[in-house]
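Structure below is structure.txt: compact mmCIF, C-alpha atoms.
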# COMPACT_ATOMS: atom_id res chain seq x y z
CA MET L 1 -193.12 -28.19 -10.99
CA GLU L 2 -196.24 -29.84 -9.70
CA ASN L 3 -197.86 -32.58 -11.70
CA VAL L 4 -200.36 -30.54 -13.74
CA ARG L 5 -202.43 -32.15 -16.43
CA THR L 6 -205.90 -30.68 -16.18
CA ILE L 7 -206.82 -27.02 -15.93
CA ALA L 8 -210.36 -25.82 -15.22
CA VAL L 9 -211.22 -22.46 -16.70
CA ILE L 10 -214.15 -20.89 -14.87
CA GLY L 11 -215.37 -17.92 -16.85
CA ALA L 12 -213.94 -19.36 -20.04
CA ALA L 13 -216.05 -17.26 -22.39
CA GLU L 14 -214.00 -14.17 -21.55
CA LYS L 15 -212.72 -13.36 -25.06
CA ARG L 16 -209.63 -11.51 -23.87
CA ASN L 17 -208.16 -14.75 -22.59
CA PHE L 18 -208.55 -16.65 -25.84
CA ALA L 19 -204.85 -16.42 -26.75
CA VAL L 20 -203.91 -17.94 -23.40
CA LEU L 21 -206.46 -20.73 -23.65
CA LYS L 22 -205.34 -21.50 -27.19
CA GLU L 23 -201.75 -22.02 -26.05
CA LEU L 24 -202.71 -23.92 -22.90
CA SER L 25 -204.86 -26.30 -24.93
CA GLU L 26 -201.74 -27.44 -26.79
CA GLN L 27 -200.30 -28.96 -23.64
CA TYR L 28 -203.02 -29.40 -21.06
CA GLN L 29 -206.49 -30.82 -20.75
CA LEU L 30 -208.91 -27.93 -20.45
CA LEU L 31 -212.28 -28.08 -18.72
CA LEU L 32 -214.25 -24.98 -19.68
CA PHE L 33 -217.15 -23.50 -17.77
CA ASP L 34 -219.14 -20.34 -18.21
CA LYS L 35 -222.65 -19.25 -17.27
CA ASN L 36 -223.09 -17.99 -20.80
CA GLN L 37 -223.43 -21.32 -22.58
CA LYS L 38 -223.70 -19.78 -26.04
CA ALA L 39 -220.46 -17.83 -25.63
CA LEU L 40 -218.87 -20.91 -24.08
CA SER L 41 -219.82 -23.00 -27.10
CA ASP L 42 -218.31 -20.38 -29.40
CA ILE L 43 -215.01 -20.37 -27.49
CA HIS L 44 -215.02 -24.15 -27.33
CA GLU L 45 -215.50 -24.45 -31.08
CA SER L 46 -212.82 -21.85 -31.76
CA LEU L 47 -210.34 -23.70 -29.56
CA LEU L 48 -211.14 -27.01 -31.23
CA ALA L 49 -210.78 -25.40 -34.64
CA HIS L 50 -207.30 -24.37 -33.63
CA ASN L 51 -206.40 -27.63 -31.94
CA ARG L 52 -208.52 -30.48 -33.27
CA HIS L 53 -206.79 -33.13 -31.18
CA GLY L 54 -206.74 -31.17 -27.93
CA TYR L 55 -208.62 -32.39 -24.90
CA ILE L 56 -210.96 -29.44 -24.52
CA GLU L 57 -214.26 -30.08 -22.83
CA LYS L 58 -217.28 -27.93 -22.07
CA MET L 59 -218.52 -28.48 -18.54
CA ASP L 60 -221.95 -27.66 -17.21
CA CYS L 61 -220.85 -27.36 -13.60
CA ALA L 62 -218.12 -25.16 -12.16
CA VAL L 63 -217.70 -27.43 -9.15
CA ASN L 64 -217.11 -30.59 -11.16
CA ALA L 65 -214.71 -28.78 -13.48
CA SER L 66 -212.73 -27.48 -10.51
CA TRP L 67 -212.88 -30.83 -8.72
CA GLU L 68 -211.35 -32.65 -11.69
CA ALA L 69 -208.69 -30.03 -12.27
CA ASP L 70 -205.16 -29.75 -10.94
CA ILE L 71 -205.25 -25.99 -11.41
CA ILE L 72 -208.23 -23.62 -11.54
CA ILE L 73 -208.34 -20.43 -13.57
CA LEU L 74 -210.92 -17.86 -12.52
CA SER L 75 -211.62 -15.38 -15.23
CA GLY L 76 -214.19 -12.90 -16.48
CA PHE L 77 -217.50 -12.68 -14.64
CA CYS L 78 -216.66 -15.22 -11.99
CA ILE L 79 -213.92 -13.17 -10.40
CA ASN L 80 -216.68 -11.14 -8.81
CA ASP L 81 -219.32 -13.86 -8.65
CA ALA L 82 -219.56 -14.76 -4.98
CA VAL L 83 -221.89 -17.71 -5.66
CA VAL L 84 -219.53 -19.45 -8.08
CA VAL L 85 -216.52 -18.68 -5.91
CA GLU L 86 -218.21 -20.07 -2.81
CA LYS L 87 -219.28 -23.23 -4.67
CA ILE L 88 -215.81 -24.19 -5.87
CA LYS L 89 -214.13 -23.39 -2.56
CA GLU L 90 -214.48 -26.87 -1.12
CA VAL L 91 -212.87 -28.59 -4.11
CA ALA L 92 -210.06 -26.05 -4.41
CA THR L 93 -208.20 -26.97 -1.23
CA ALA L 94 -204.42 -27.08 -1.73
CA LYS L 95 -204.81 -26.32 -5.46
CA ILE L 96 -203.40 -23.37 -7.34
CA ILE L 97 -206.05 -20.83 -8.32
CA ILE L 98 -205.08 -18.42 -11.07
CA ILE L 99 -206.98 -15.16 -11.13
CA MET L 100 -206.75 -13.85 -14.68
CA GLU L 101 -207.05 -10.12 -14.92
CA ASN L 102 -206.41 -7.59 -17.59
CA GLU L 103 -204.61 -4.31 -17.13
CA ASP L 104 -207.79 -2.27 -16.80
CA GLU L 105 -208.65 -4.36 -13.79
CA PHE L 106 -205.17 -3.97 -12.35
CA THR L 107 -206.05 -1.27 -9.83
CA SER L 108 -208.33 -3.63 -7.99
CA SER L 109 -205.80 -6.43 -8.02
CA ILE L 110 -204.31 -5.79 -4.59
CA ASN L 111 -207.77 -5.84 -3.05
CA ASN L 112 -208.57 -8.96 -5.05
CA GLN L 113 -205.44 -10.68 -3.84
CA LEU L 114 -206.37 -9.95 -0.26
CA SER L 115 -209.96 -11.02 -0.69
CA PHE L 116 -209.10 -14.20 -2.59
CA ASP L 117 -206.58 -15.15 0.06
CA LEU L 118 -209.42 -14.85 2.57
CA ILE L 119 -211.97 -16.67 0.43
CA PHE L 120 -209.61 -19.52 -0.40
CA PRO L 121 -207.42 -19.73 2.72
CA HIS L 122 -206.23 -23.23 1.83
CA SER L 123 -205.53 -22.64 -1.84
CA LYS L 124 -202.55 -21.02 -3.52
CA ILE L 125 -203.64 -17.81 -5.21
CA VAL L 126 -201.68 -16.48 -8.18
CA GLU L 127 -202.91 -13.38 -9.94
CA ILE L 128 -202.00 -13.00 -13.57
CA ILE L 129 -202.15 -9.58 -15.11
CA ASN L 130 -201.73 -9.00 -18.80
CA ILE L 131 -199.16 -6.21 -19.09
CA SER L 132 -198.51 -6.46 -22.83
CA THR L 133 -198.11 -3.03 -24.36
CA ASP L 134 -200.00 -4.11 -27.46
CA LYS L 135 -203.51 -4.67 -26.17
CA ASN L 136 -204.29 -7.08 -28.98
CA LEU L 137 -201.48 -9.38 -27.97
CA GLU L 138 -201.28 -11.33 -24.77
CA LYS L 139 -197.60 -12.01 -24.49
CA GLU L 140 -196.35 -10.59 -21.21
CA PHE L 141 -197.79 -11.29 -17.82
CA LEU L 142 -197.14 -10.15 -14.29
CA LEU L 143 -197.63 -12.94 -11.76
CA GLU L 144 -198.41 -12.01 -8.18
CA GLY L 145 -198.88 -14.20 -5.16
CA HIS L 146 -197.65 -15.25 -1.74
CA ASN L 147 -196.67 -18.83 -2.51
CA SER L 148 -193.32 -19.07 -4.29
CA LYS L 149 -193.83 -22.66 -5.47
CA ALA L 150 -197.20 -21.76 -6.95
CA LEU L 151 -195.67 -18.76 -8.70
CA ASP L 152 -192.93 -20.97 -10.13
CA THR L 153 -195.44 -23.57 -11.29
CA VAL L 154 -197.64 -21.02 -13.02
CA SER L 155 -194.61 -19.30 -14.50
CA SER L 156 -193.38 -22.66 -15.90
CA ILE L 157 -196.77 -23.28 -17.46
CA PHE L 158 -196.95 -19.87 -19.10
CA GLU L 159 -193.31 -19.78 -20.18
CA GLY L 160 -193.79 -23.29 -21.58
CA CYS L 161 -196.62 -21.90 -23.68
CA GLY L 162 -194.39 -19.17 -25.11
CA PHE L 163 -195.37 -16.26 -22.86
CA THR L 164 -193.07 -14.00 -20.89
CA THR L 165 -193.70 -13.78 -17.17
CA TYR L 166 -192.50 -11.47 -14.42
CA LEU L 167 -192.87 -12.69 -10.85
CA SER L 168 -193.86 -10.59 -7.88
CA GLN L 169 -193.88 -12.46 -4.61
CA LEU L 170 -196.02 -10.73 -2.03
CA ASN L 171 -195.11 -10.79 1.65
CA MET K 1 -216.12 -35.47 0.61
CA TYR K 2 -214.00 -36.44 3.62
CA GLU K 3 -216.22 -39.12 5.24
CA GLN K 4 -214.02 -42.10 4.36
CA LEU K 5 -210.88 -40.30 5.47
CA ALA K 6 -212.47 -39.41 8.82
CA LYS K 7 -213.47 -43.06 9.25
CA SER K 8 -210.06 -44.40 8.25
CA ILE K 9 -208.24 -42.12 10.67
CA GLY K 10 -210.84 -42.56 13.40
CA ASP K 11 -210.54 -46.36 13.19
CA LYS K 12 -206.85 -46.16 14.06
CA VAL K 13 -206.23 -43.06 16.15
CA THR K 14 -208.16 -40.41 18.03
CA LEU K 15 -208.44 -37.08 16.28
CA THR K 16 -210.54 -34.15 17.50
CA GLU K 17 -212.93 -32.44 15.10
CA ALA K 18 -210.76 -29.34 15.18
CA ASP K 19 -207.69 -31.39 14.32
CA PHE K 20 -209.54 -33.09 11.48
CA GLU K 21 -210.45 -29.68 10.07
CA VAL K 22 -206.72 -28.88 10.04
CA CYS K 23 -205.97 -32.28 8.52
CA LYS K 24 -208.40 -31.66 5.62
CA THR K 25 -206.52 -28.56 4.50
CA PHE K 26 -203.49 -30.66 3.49
CA PHE K 27 -205.41 -32.78 0.98
CA ILE K 28 -206.16 -31.98 -2.64
CA PRO K 29 -209.68 -33.10 -3.63
CA LYS K 30 -209.58 -34.63 -7.08
CA LYS K 31 -212.15 -36.38 -9.25
CA ILE K 32 -210.92 -38.73 -11.92
CA ARG K 33 -212.88 -40.58 -14.54
CA LYS K 34 -212.95 -44.27 -15.36
CA LYS K 35 -209.74 -45.29 -17.19
CA GLN K 36 -208.07 -41.96 -16.39
CA THR K 37 -204.55 -42.33 -15.00
CA LEU K 38 -203.29 -40.75 -11.81
CA LEU K 39 -199.73 -41.90 -12.43
CA LEU K 40 -197.93 -43.15 -15.52
CA GLU K 41 -195.18 -45.75 -15.26
CA GLY K 42 -191.83 -43.93 -15.53
CA ASP K 43 -193.08 -40.64 -14.05
CA VAL K 44 -192.22 -39.59 -10.53
CA CYS K 45 -195.15 -40.31 -8.23
CA THR K 46 -196.22 -37.00 -6.71
CA TYR K 47 -199.18 -38.18 -4.66
CA ASN K 48 -200.34 -40.67 -2.11
CA ALA K 49 -204.02 -41.00 -2.97
CA PHE K 50 -206.81 -41.76 -0.52
CA ILE K 51 -209.99 -43.09 -2.12
CA GLU K 52 -213.24 -41.52 -0.98
CA LYS K 53 -215.24 -43.13 -3.77
CA GLY K 54 -214.45 -45.52 -6.61
CA ILE K 55 -211.73 -48.07 -7.34
CA LEU K 56 -208.19 -47.66 -8.61
CA ARG K 57 -205.61 -50.18 -9.68
CA SER K 58 -201.85 -50.08 -9.93
CA TYR K 59 -200.17 -52.17 -12.57
CA THR K 60 -196.94 -52.65 -14.43
CA THR K 61 -196.56 -53.60 -18.08
CA ASP K 62 -194.03 -56.18 -19.26
CA GLU K 63 -192.01 -56.24 -22.49
CA LYS K 64 -194.82 -58.10 -24.27
CA GLY K 65 -197.32 -55.41 -23.34
CA GLN K 66 -198.98 -57.65 -20.76
CA GLU K 67 -200.37 -55.84 -17.72
CA HIS K 68 -199.70 -57.21 -14.23
CA ILE K 69 -201.92 -55.79 -11.51
CA MET K 70 -200.18 -55.13 -8.22
CA GLN K 71 -203.01 -53.63 -6.21
CA PHE K 72 -206.67 -52.69 -6.24
CA ALA K 73 -207.73 -49.88 -3.95
CA PHE K 74 -211.34 -49.38 -2.85
CA GLU K 75 -213.08 -46.74 -0.76
CA GLY K 76 -211.12 -46.00 2.40
CA TRP K 77 -207.83 -47.30 0.99
CA TRP K 78 -204.62 -45.56 -0.01
CA ILE K 79 -202.74 -46.12 -3.23
CA THR K 80 -199.38 -44.89 -4.47
CA ASP K 81 -196.07 -46.10 -5.85
CA LEU K 82 -194.38 -45.96 -2.48
CA SER K 83 -190.74 -46.03 -3.55
CA SER K 84 -191.34 -43.35 -6.17
CA PHE K 85 -193.42 -41.24 -3.75
CA LEU K 86 -190.94 -41.40 -0.89
CA MET K 87 -187.64 -41.56 -2.78
CA GLY K 88 -188.51 -39.41 -5.80
CA VAL K 89 -187.43 -42.12 -8.26
CA HIS K 90 -189.25 -43.07 -11.46
CA SER K 91 -192.36 -45.13 -10.82
CA THR K 92 -192.67 -48.81 -11.67
CA PHE K 93 -196.44 -48.69 -11.77
CA THR K 94 -199.27 -46.99 -13.57
CA ILE K 95 -202.22 -46.04 -11.38
CA GLU K 96 -205.60 -45.90 -13.12
CA ALA K 97 -209.26 -45.54 -12.16
CA ILE K 98 -211.49 -48.56 -12.76
CA GLU K 99 -214.59 -46.48 -11.91
CA ASP K 100 -215.23 -42.74 -11.78
CA SER K 101 -213.49 -41.92 -8.52
CA GLU K 102 -213.15 -39.22 -5.90
CA LEU K 103 -209.73 -38.93 -4.34
CA LEU K 104 -207.92 -36.96 -1.68
CA LEU K 105 -204.32 -36.45 -2.72
CA LEU K 106 -201.42 -35.88 -0.38
CA THR K 107 -198.03 -34.72 -1.65
CA ALA K 108 -194.86 -35.87 0.09
CA THR K 109 -194.28 -32.32 1.35
CA ALA K 110 -197.85 -32.00 2.62
CA ARG K 111 -197.50 -35.39 4.32
CA GLU K 112 -194.43 -34.21 6.21
CA GLU K 113 -196.09 -30.92 7.11
CA LEU K 114 -199.21 -32.73 8.28
CA MET K 115 -197.19 -35.06 10.49
CA ASP K 116 -195.45 -32.02 12.00
CA ALA K 117 -198.76 -30.25 12.58
CA LEU K 118 -200.58 -33.32 13.91
CA PRO K 119 -198.21 -35.95 15.38
CA VAL K 120 -201.15 -38.34 15.70
CA PHE K 121 -201.20 -38.49 11.89
CA GLU K 122 -197.69 -39.96 12.02
CA ARG K 123 -199.03 -42.79 14.20
CA TYR K 124 -201.88 -43.28 11.73
CA GLN K 125 -199.38 -43.48 8.86
CA ARG K 126 -197.22 -45.93 10.79
CA LEU K 127 -200.18 -48.22 11.41
CA LEU K 128 -201.13 -48.01 7.74
CA LEU K 129 -197.62 -48.96 6.63
CA GLN K 130 -197.55 -51.79 9.15
CA ASN K 131 -200.83 -53.18 7.80
CA ALA K 132 -199.66 -52.71 4.22
CA TYR K 133 -196.51 -54.69 4.96
CA ILE K 134 -198.52 -57.53 6.50
CA ALA K 135 -200.86 -57.52 3.50
CA LEU K 136 -197.89 -57.63 1.15
CA GLN K 137 -196.37 -60.61 2.99
CA THR K 138 -199.69 -62.41 2.85
CA ARG K 139 -200.02 -61.71 -0.87
CA VAL K 140 -196.50 -62.94 -1.64
CA ASN K 141 -197.05 -66.05 0.43
CA SER K 142 -200.33 -66.74 -1.36
CA ALA K 143 -198.71 -66.19 -4.76
CA LEU K 144 -195.97 -68.69 -3.89
CA THR K 145 -197.96 -71.41 -2.18
CA ALA K 146 -201.71 -71.24 -2.90
CA THR K 147 -203.55 -72.99 -5.72
CA ALA K 148 -205.55 -70.98 -8.24
CA GLU K 149 -208.80 -71.90 -6.50
CA GLU K 150 -207.45 -71.00 -3.06
CA LYS K 151 -206.26 -67.62 -4.34
CA TYR K 152 -209.61 -66.82 -5.89
CA THR K 153 -211.65 -68.02 -2.90
CA LYS K 154 -209.53 -66.07 -0.47
CA LEU K 155 -209.88 -62.93 -2.56
CA THR K 156 -213.66 -63.18 -2.79
CA ILE K 157 -213.93 -63.75 0.97
CA SER K 158 -211.64 -60.82 1.78
CA TYR K 159 -213.23 -58.49 -0.77
CA PRO K 160 -216.76 -59.65 -1.66
CA ASP K 161 -217.38 -56.46 -3.71
CA ILE K 162 -214.57 -57.23 -6.10
CA ILE K 163 -216.54 -59.65 -8.29
CA ALA K 164 -219.25 -57.10 -9.03
CA ARG K 165 -217.00 -54.10 -9.50
CA VAL K 166 -213.81 -55.34 -11.14
CA PRO K 167 -213.64 -56.99 -14.59
CA GLN K 168 -212.67 -60.68 -14.52
CA HIS K 169 -209.56 -60.22 -16.65
CA MET K 170 -208.22 -57.76 -14.07
CA ILE K 171 -208.91 -60.16 -11.22
CA ALA K 172 -207.06 -62.84 -13.18
CA SER K 173 -204.11 -60.51 -13.67
CA TYR K 174 -204.06 -59.64 -9.96
CA LEU K 175 -204.01 -63.32 -9.02
CA GLY K 176 -201.34 -64.14 -11.59
CA LEU K 177 -203.71 -66.37 -13.56
CA THR K 178 -204.77 -66.37 -17.18
CA PRO K 179 -208.41 -65.33 -17.78
CA GLU K 180 -209.07 -68.87 -19.04
CA THR K 181 -207.77 -70.42 -15.82
CA LEU K 182 -209.85 -68.04 -13.72
CA SER K 183 -212.93 -68.89 -15.75
CA ARG K 184 -212.32 -72.61 -15.21
CA VAL K 185 -211.80 -72.10 -11.47
CA ARG K 186 -215.07 -70.15 -11.20
CA LYS K 187 -216.96 -72.88 -13.07
CA GLN K 188 -215.60 -75.55 -10.74
CA ILE K 189 -216.61 -73.54 -7.68
CA ASN K 190 -220.08 -72.88 -9.08
CA LEU K 191 -220.60 -76.58 -9.91
CA ARG K 192 -219.94 -77.53 -6.29
CA LYS K 193 -222.49 -75.04 -4.96
Can you turn what I pasted into structure tokens?
Amino acid sequence: MENVRTIAVIGAAEKRNFAVLKELSEQYQLLLFDKNQKALSDIHESLLAHNRHGYIEKMDCAVNASWEADIIILSGFCINDAVVVEKIKEVATAKIIIIMENEDEFTSSINNQLSFDLIFPHSKIVEIINISTDKNLEKEFLLEGHNSKALDTVSSIFEGCGFTTYLSQLN
Amino acid sequence: MYEQLAKSIGDKVTLTEADFEVCKTFFIPKKIRKKQTLLLEGDVCTYNAFIEKGILRSYTTDEKGQEHIMQFAFEGWWITDLSSFLMGVHSTFTIEAIEDSELLLLTATAREELMDALPVFERYQRLLLQNAYIALQTRVNSALTATAEEKYTKLTISYPDIIARVPQHMIASYLGLTPETLSRVRKQINLRK
């Protein structure tokens, strides 16, 4: 596994990912960014309430958050925000970028994978799709991507946080 | 973000712009904050780090908890725990930022792939290692034979920035002196000016 300590979460105010962020904050430093500062503050406070000693920081710039991070999670609004995506591109070279989707967004995932591979040609894209049957629980995830090492790294992170992952390596 | 790297490579070998664009894709851009560690003693060193901005230090800690600084690395320099990076063994050193720093990280795999893709990068790496070996010999020789004042004077001539940017106790550690001895040496030098 690659040496991962810091994870930037761009689009952190997406409430559906709270369970994932909560578990990640137990083991990793999280740098949170969202355009919606109020919602970001709420998520930040909730995470700190759960994990008082965690290193969880609100960031006011997506680029700086991504630049400091070993891994970048794109979630919520920013998946389709060309401006944010374009801004972080330069600092994402050779890093793993996790695209966090939920099942209702699954149909667009193949197109997303293709477009993200084009947008970030020098990054390692891993799409994570919540496939839990109980919509209120985020426990099972499908991981898709071209880079086997990146898939293994992300799988290790999620399995280490108590989630179940299924890998799908794309050709 | 890649200016120092372009200069460092360009000073040693010839690389076309197109080749440099390829070269950039192998590096991981990473910002670290003052006092943040890039490597912890005992971990396996995953990266060879090139410094675009800032200063890093590598140090080891003895049984008494005393830190011994092996290297400072400024803009345009590389820093790693070489044996750990190349051999995959546990590192002897901790690498930490003295200032907020901007780095370009190269993994061992990426380094090999880059040398395959651009053979001129292998020549660049060889020249770097050659210079590093010479610097190491010079440092060992100085540690064995030079007086405290000679060590300090030589350091300030070689790296004039170091006084302003690095705390005195770290300079003392690097030179193998106590902070008190370094303070005395500096006073003596200043009195003669």
Subject >> Pick from K:Arg186, K:Ile157, K:Thr181, K:Leu82, whichever lies nearest to Tyr133 of chain K using all atoms listed in the file >> reply: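 The closest residue to Tyr133 of chain K is K:Leu82.
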Give one line per residue of chain L that approaches chain K to at most 10 Å, naming the two atoms of the closest pair and their distance in Å to one decimal, counting all atoms listed in the file; sort by chain then ascending residue number and deliver it as a Markdown table.
| residue | atom | partner | partner_atom | distance |
| --- | --- | --- | --- | --- |
| L:Glu2 | CA | K:Thr46 | CA | 7.8 |
| L:Asn3 | CA | K:Thr46 | CA | 6.9 |
| L:Arg5 | CA | K:Leu38 | CA | 9.8 |
| L:Asn64 | CA | K:Lys31 | CA | 7.9 |
| L:Ala65 | CA | K:Lys31 | CA | 9.1 |
| L:Ser66 | CA | K:Lys30 | CA | 8.5 |
| L:Trp67 | CA | K:Lys30 | CA | 5.3 |
| L:Glu68 | CA | K:Lys31 | CA | 4.5 |
| L:Ala69 | CA | K:Lys30 | CA | 7.0 |
| L:Asp70 | CA | K:Lys30 | CA | 7.6 |
| L:Glu90 | CA | K:Pro29 | CA | 8.3 |
| L:Val91 | CA | K:Pro29 | CA | 5.5 |
| L:Ala92 | CA | K:Pro29 | CA | 7.1 |
| L:Thr93 | CA | K:Ile28 | CA | 5.6 |
| L:Ala94 | CA | K:Ile28 | CA | 5.3 |
| L:Lys95 | CA | K:Ile28 | CA | 6.5 |
| L:Pro121 | CA | K:Thr25 | CA | 9.1 |
| L:His122 | CA | K:Thr25 | CA | 6.0 |
| L:Ser123 | CA | K:Thr25 | CA | 8.7 |
| field | Selection: 6 Å around segment 151-166 of chain L, all atoms listed in the file, excl. self and same-chain fewer than 6 positions, as a count of residues only | value | 7
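Interatomic distance, atom CA of Phe50 of chain K to atom CA of Trp77 of chain K: 5.8 Å.
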Can you pull out the residues contacting Lys151 of chain K? Cut-off 7 Å, using only C-alpha atoms, and skip same-chain residues under 4 positions away; I want them as a PDB file with C-alpha atoms, in the frame of the given file.
ATOM      1  CA  SER K 142    -200.330 -66.740  -1.360  1.00  0.00           C
ATOM      2  CA  ALA K 146    -201.710 -71.240  -2.900  1.00  0.00           C
ATOM      3  CA  THR K 147    -203.550 -72.990  -5.720  1.00  0.00           C
ATOM      4  CA  LEU K 155    -209.880 -62.930  -2.560  1.00  0.00           C
ATOM      5  CA  LEU K 175    -204.010 -63.320  -9.020  1.00  0.00           C
TER       6      LEU K 175
END
- Please indicate the distance in Å from atom CA of Thr37 of chain K to atom CA of Phe72 of chain K, rounded to one decimal place.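 So the two atoms, atom CA of Thr37 of chain K and atom CA of Phe72 of chain K, lie 13.7 Å apart.
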Notebook entry, point to check: From the set L:Leu74, L:Ala13, L:Ile97, L:Ala82, which residue has the shortest atom-to-atom contact distance to Phe120 of chain L, counting all atoms listed in the file?
Noted result: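 Result for the nearest residue to Phe120 of chain L: L:Ile97.
For the atom pair formed by atom CA of Asn48 of chain K and atom CA of Ser173 of chain K, the distance is 23.3 Å, given to one decimal.
The list of residues with at least one atom within 12 Å of Ser183 of chain K, based on only C-alpha atoms and without residues fewer than 6 positions apart in the same chain, reads Ala148, Glu149, Tyr152, Pro167, Gln168, His169, Ile171, Ala172, Leu177, Ile189 and Asn190 of chain K.
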From the list K:Leu127, K:Ala143, K:Ile162, K:Ala97, the nearest residue to Asp11 of chain K using only C-alpha atoms is K:Leu127
task = May I have the protein, DNA and RNA residues with any atom at most 7 Å from the point (-193.9, -10.6, -2.6), counting only C-alpha atoms, written as a ChimeraX atom specification?
result = /L:145-146,168-171
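For the set K:Glu96, K:Glu75, K:Glu41, K:Glu21, the residue with the smallest atom-to-atom gap to Leu56 of chain K is K:Glu96, counting only C-alpha atoms.
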Checklist entry - Looking at L:Glu57, L:Glu127, L:Glu86, L:Asp117, which one is nearest to Gln29 of chain L, with distances taken over only C-alpha atoms? => result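 The closest residue to Gln29 of chain L is L:Glu57.
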With all atoms of segment 7-24 of chain L from the file as input, state the centre and edge lengths in Å to one decimal of the axis-aligned box that has 6 Å extra on each side, as JSON.
{"center_x": -208.9, "center_y": -19.3, "center_z": -21.0, "size_x": 26.3, "size_y": 27.5, "size_z": 24.3}
**Message:** List as an NGL selection string the protein and nucleic acid residues near Lys58 of chain L, meaning an atom at most 12 Å away when all atoms listed in the file are counted, but skip any in the same chain fewer than 2 places from it.
**Reply:** :L and (8-13 or 29-45 or 47-48 or 55-56 or 60-62 or 64-65)
Expected file contents, prior selection, C-alpha atoms, as a PDB file, keeping the file's coordinate frame:
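Below is the file that was written, out.pdb:
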ATOM      1  CA  ALA L   8    -210.360 -25.820 -15.220  1.00  0.00           C
ATOM      2  CA  VAL L   9    -211.220 -22.460 -16.700  1.00  0.00           C
ATOM      3  CA  ILE L  10    -214.150 -20.890 -14.870  1.00  0.00           C
ATOM      4  CA  GLY L  11    -215.370 -17.920 -16.850  1.00  0.00           C
ATOM      5  CA  ALA L  12    -213.940 -19.360 -20.040  1.00  0.00           C
ATOM      6  CA  ALA L  13    -216.050 -17.260 -22.390  1.00  0.00           C
ATOM      7  CA  GLN L  29    -206.490 -30.820 -20.750  1.00  0.00           C
ATOM      8  CA  LEU L  30    -208.910 -27.930 -20.450  1.00  0.00           C
ATOM      9  CA  LEU L  31    -212.280 -28.080 -18.720  1.00  0.00           C
ATOM     10  CA  LEU L  32    -214.250 -24.980 -19.680  1.00  0.00           C
ATOM     11  CA  PHE L  33    -217.150 -23.500 -17.770  1.00  0.00           C
ATOM     12  CA  ASP L  34    -219.140 -20.340 -18.210  1.00  0.00           C
ATOM     13  CA  LYS L  35    -222.650 -19.250 -17.270  1.00  0.00           C
ATOM     14  CA  ASN L  36    -223.090 -17.990 -20.800  1.00  0.00           C
ATOM     15  CA  GLN L  37    -223.430 -21.320 -22.580  1.00  0.00           C
ATOM     16  CA  LYS L  38    -223.700 -19.780 -26.040  1.00  0.00           C
ATOM     17  CA  ALA L  39    -220.460 -17.830 -25.630  1.00  0.00           C
ATOM     18  CA  LEU L  40    -218.870 -20.910 -24.080  1.00  0.00           C
ATOM     19  CA  SER L  41    -219.820 -23.000 -27.100  1.00  0.00           C
ATOM     20  CA  ASP L  42    -218.310 -20.380 -29.400  1.00  0.00           C
ATOM     21  CA  ILE L  43    -215.010 -20.370 -27.490  1.00  0.00           C
ATOM     22  CA  HIS L  44    -215.020 -24.150 -27.330  1.00  0.00           C
ATOM     23  CA  GLU L  45    -215.500 -24.450 -31.080  1.00  0.00           C
ATOM     24  CA  LEU L  47    -210.340 -23.700 -29.560  1.00  0.00           C
ATOM     25  CA  LEU L  48    -211.140 -27.010 -31.230  1.00  0.00           C
ATOM     26  CA  TYR L  55    -208.620 -32.390 -24.900  1.00  0.00           C
ATOM     27  CA  ILE L  56    -210.960 -29.440 -24.520  1.00  0.00           C
ATOM     28  CA  ASP L  60    -221.950 -27.660 -17.210  1.00  0.00           C
ATOM     29  CA  CYS L  61    -220.850 -27.360 -13.600  1.00  0.00           C
ATOM     30  CA  ALA L  62    -218.120 -25.160 -12.160  1.00  0.00           C
ATOM     31  CA  ASN L  64    -217.110 -30.590 -11.160  1.00  0.00           C
ATOM     32  CA  ALA L  65    -214.710 -28.780 -13.480  1.00  0.00           C
TER      33      ALA L  65
END
Point (-219.2, -36.8, 1.6) neighbourhood (10 Å, all atoms listed in the file) written as number ranges by chain = K: 1-5, 52-53, 102
Could you complete segment 110-116 of chain K so that it carries N, CA and C atoms, and give it back as a short mmCIF file (atom, residue, chain, number, x, y, z; two decimals), in the frame of the given file?
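Dumped everything to part-v9.cif:
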data_model
loop_
_atom_site.label_atom_id
_atom_site.label_comp_id
_atom_site.auth_asym_id
_atom_site.auth_seq_id
_atom_site.Cartn_x
_atom_site.Cartn_y
_atom_site.Cartn_z
N ALA K 110 -196.67 -32.19 1.77
CA ALA K 110 -197.85 -32.00 2.62
C ALA K 110 -197.92 -33.07 3.70
N ARG K 111 -197.50 -34.29 3.35
CA ARG K 111 -197.50 -35.39 4.32
C ARG K 111 -196.57 -35.06 5.49
N GLU K 112 -195.38 -34.58 5.16
CA GLU K 112 -194.43 -34.21 6.21
C GLU K 112 -194.98 -33.07 7.06
N GLU K 113 -195.55 -32.08 6.39
CA GLU K 113 -196.09 -30.92 7.11
C GLU K 113 -197.25 -31.34 8.01
N LEU K 114 -198.06 -32.26 7.50
CA LEU K 114 -199.21 -32.73 8.28
C LEU K 114 -198.75 -33.50 9.51
N MET K 115 -197.69 -34.30 9.35
CA MET K 115 -197.19 -35.06 10.49
C MET K 115 -196.57 -34.13 11.53
N ASP K 116 -195.98 -33.02 11.06
CA ASP K 116 -195.45 -32.02 12.00
C ASP K 116 -196.59 -31.33 12.74
#
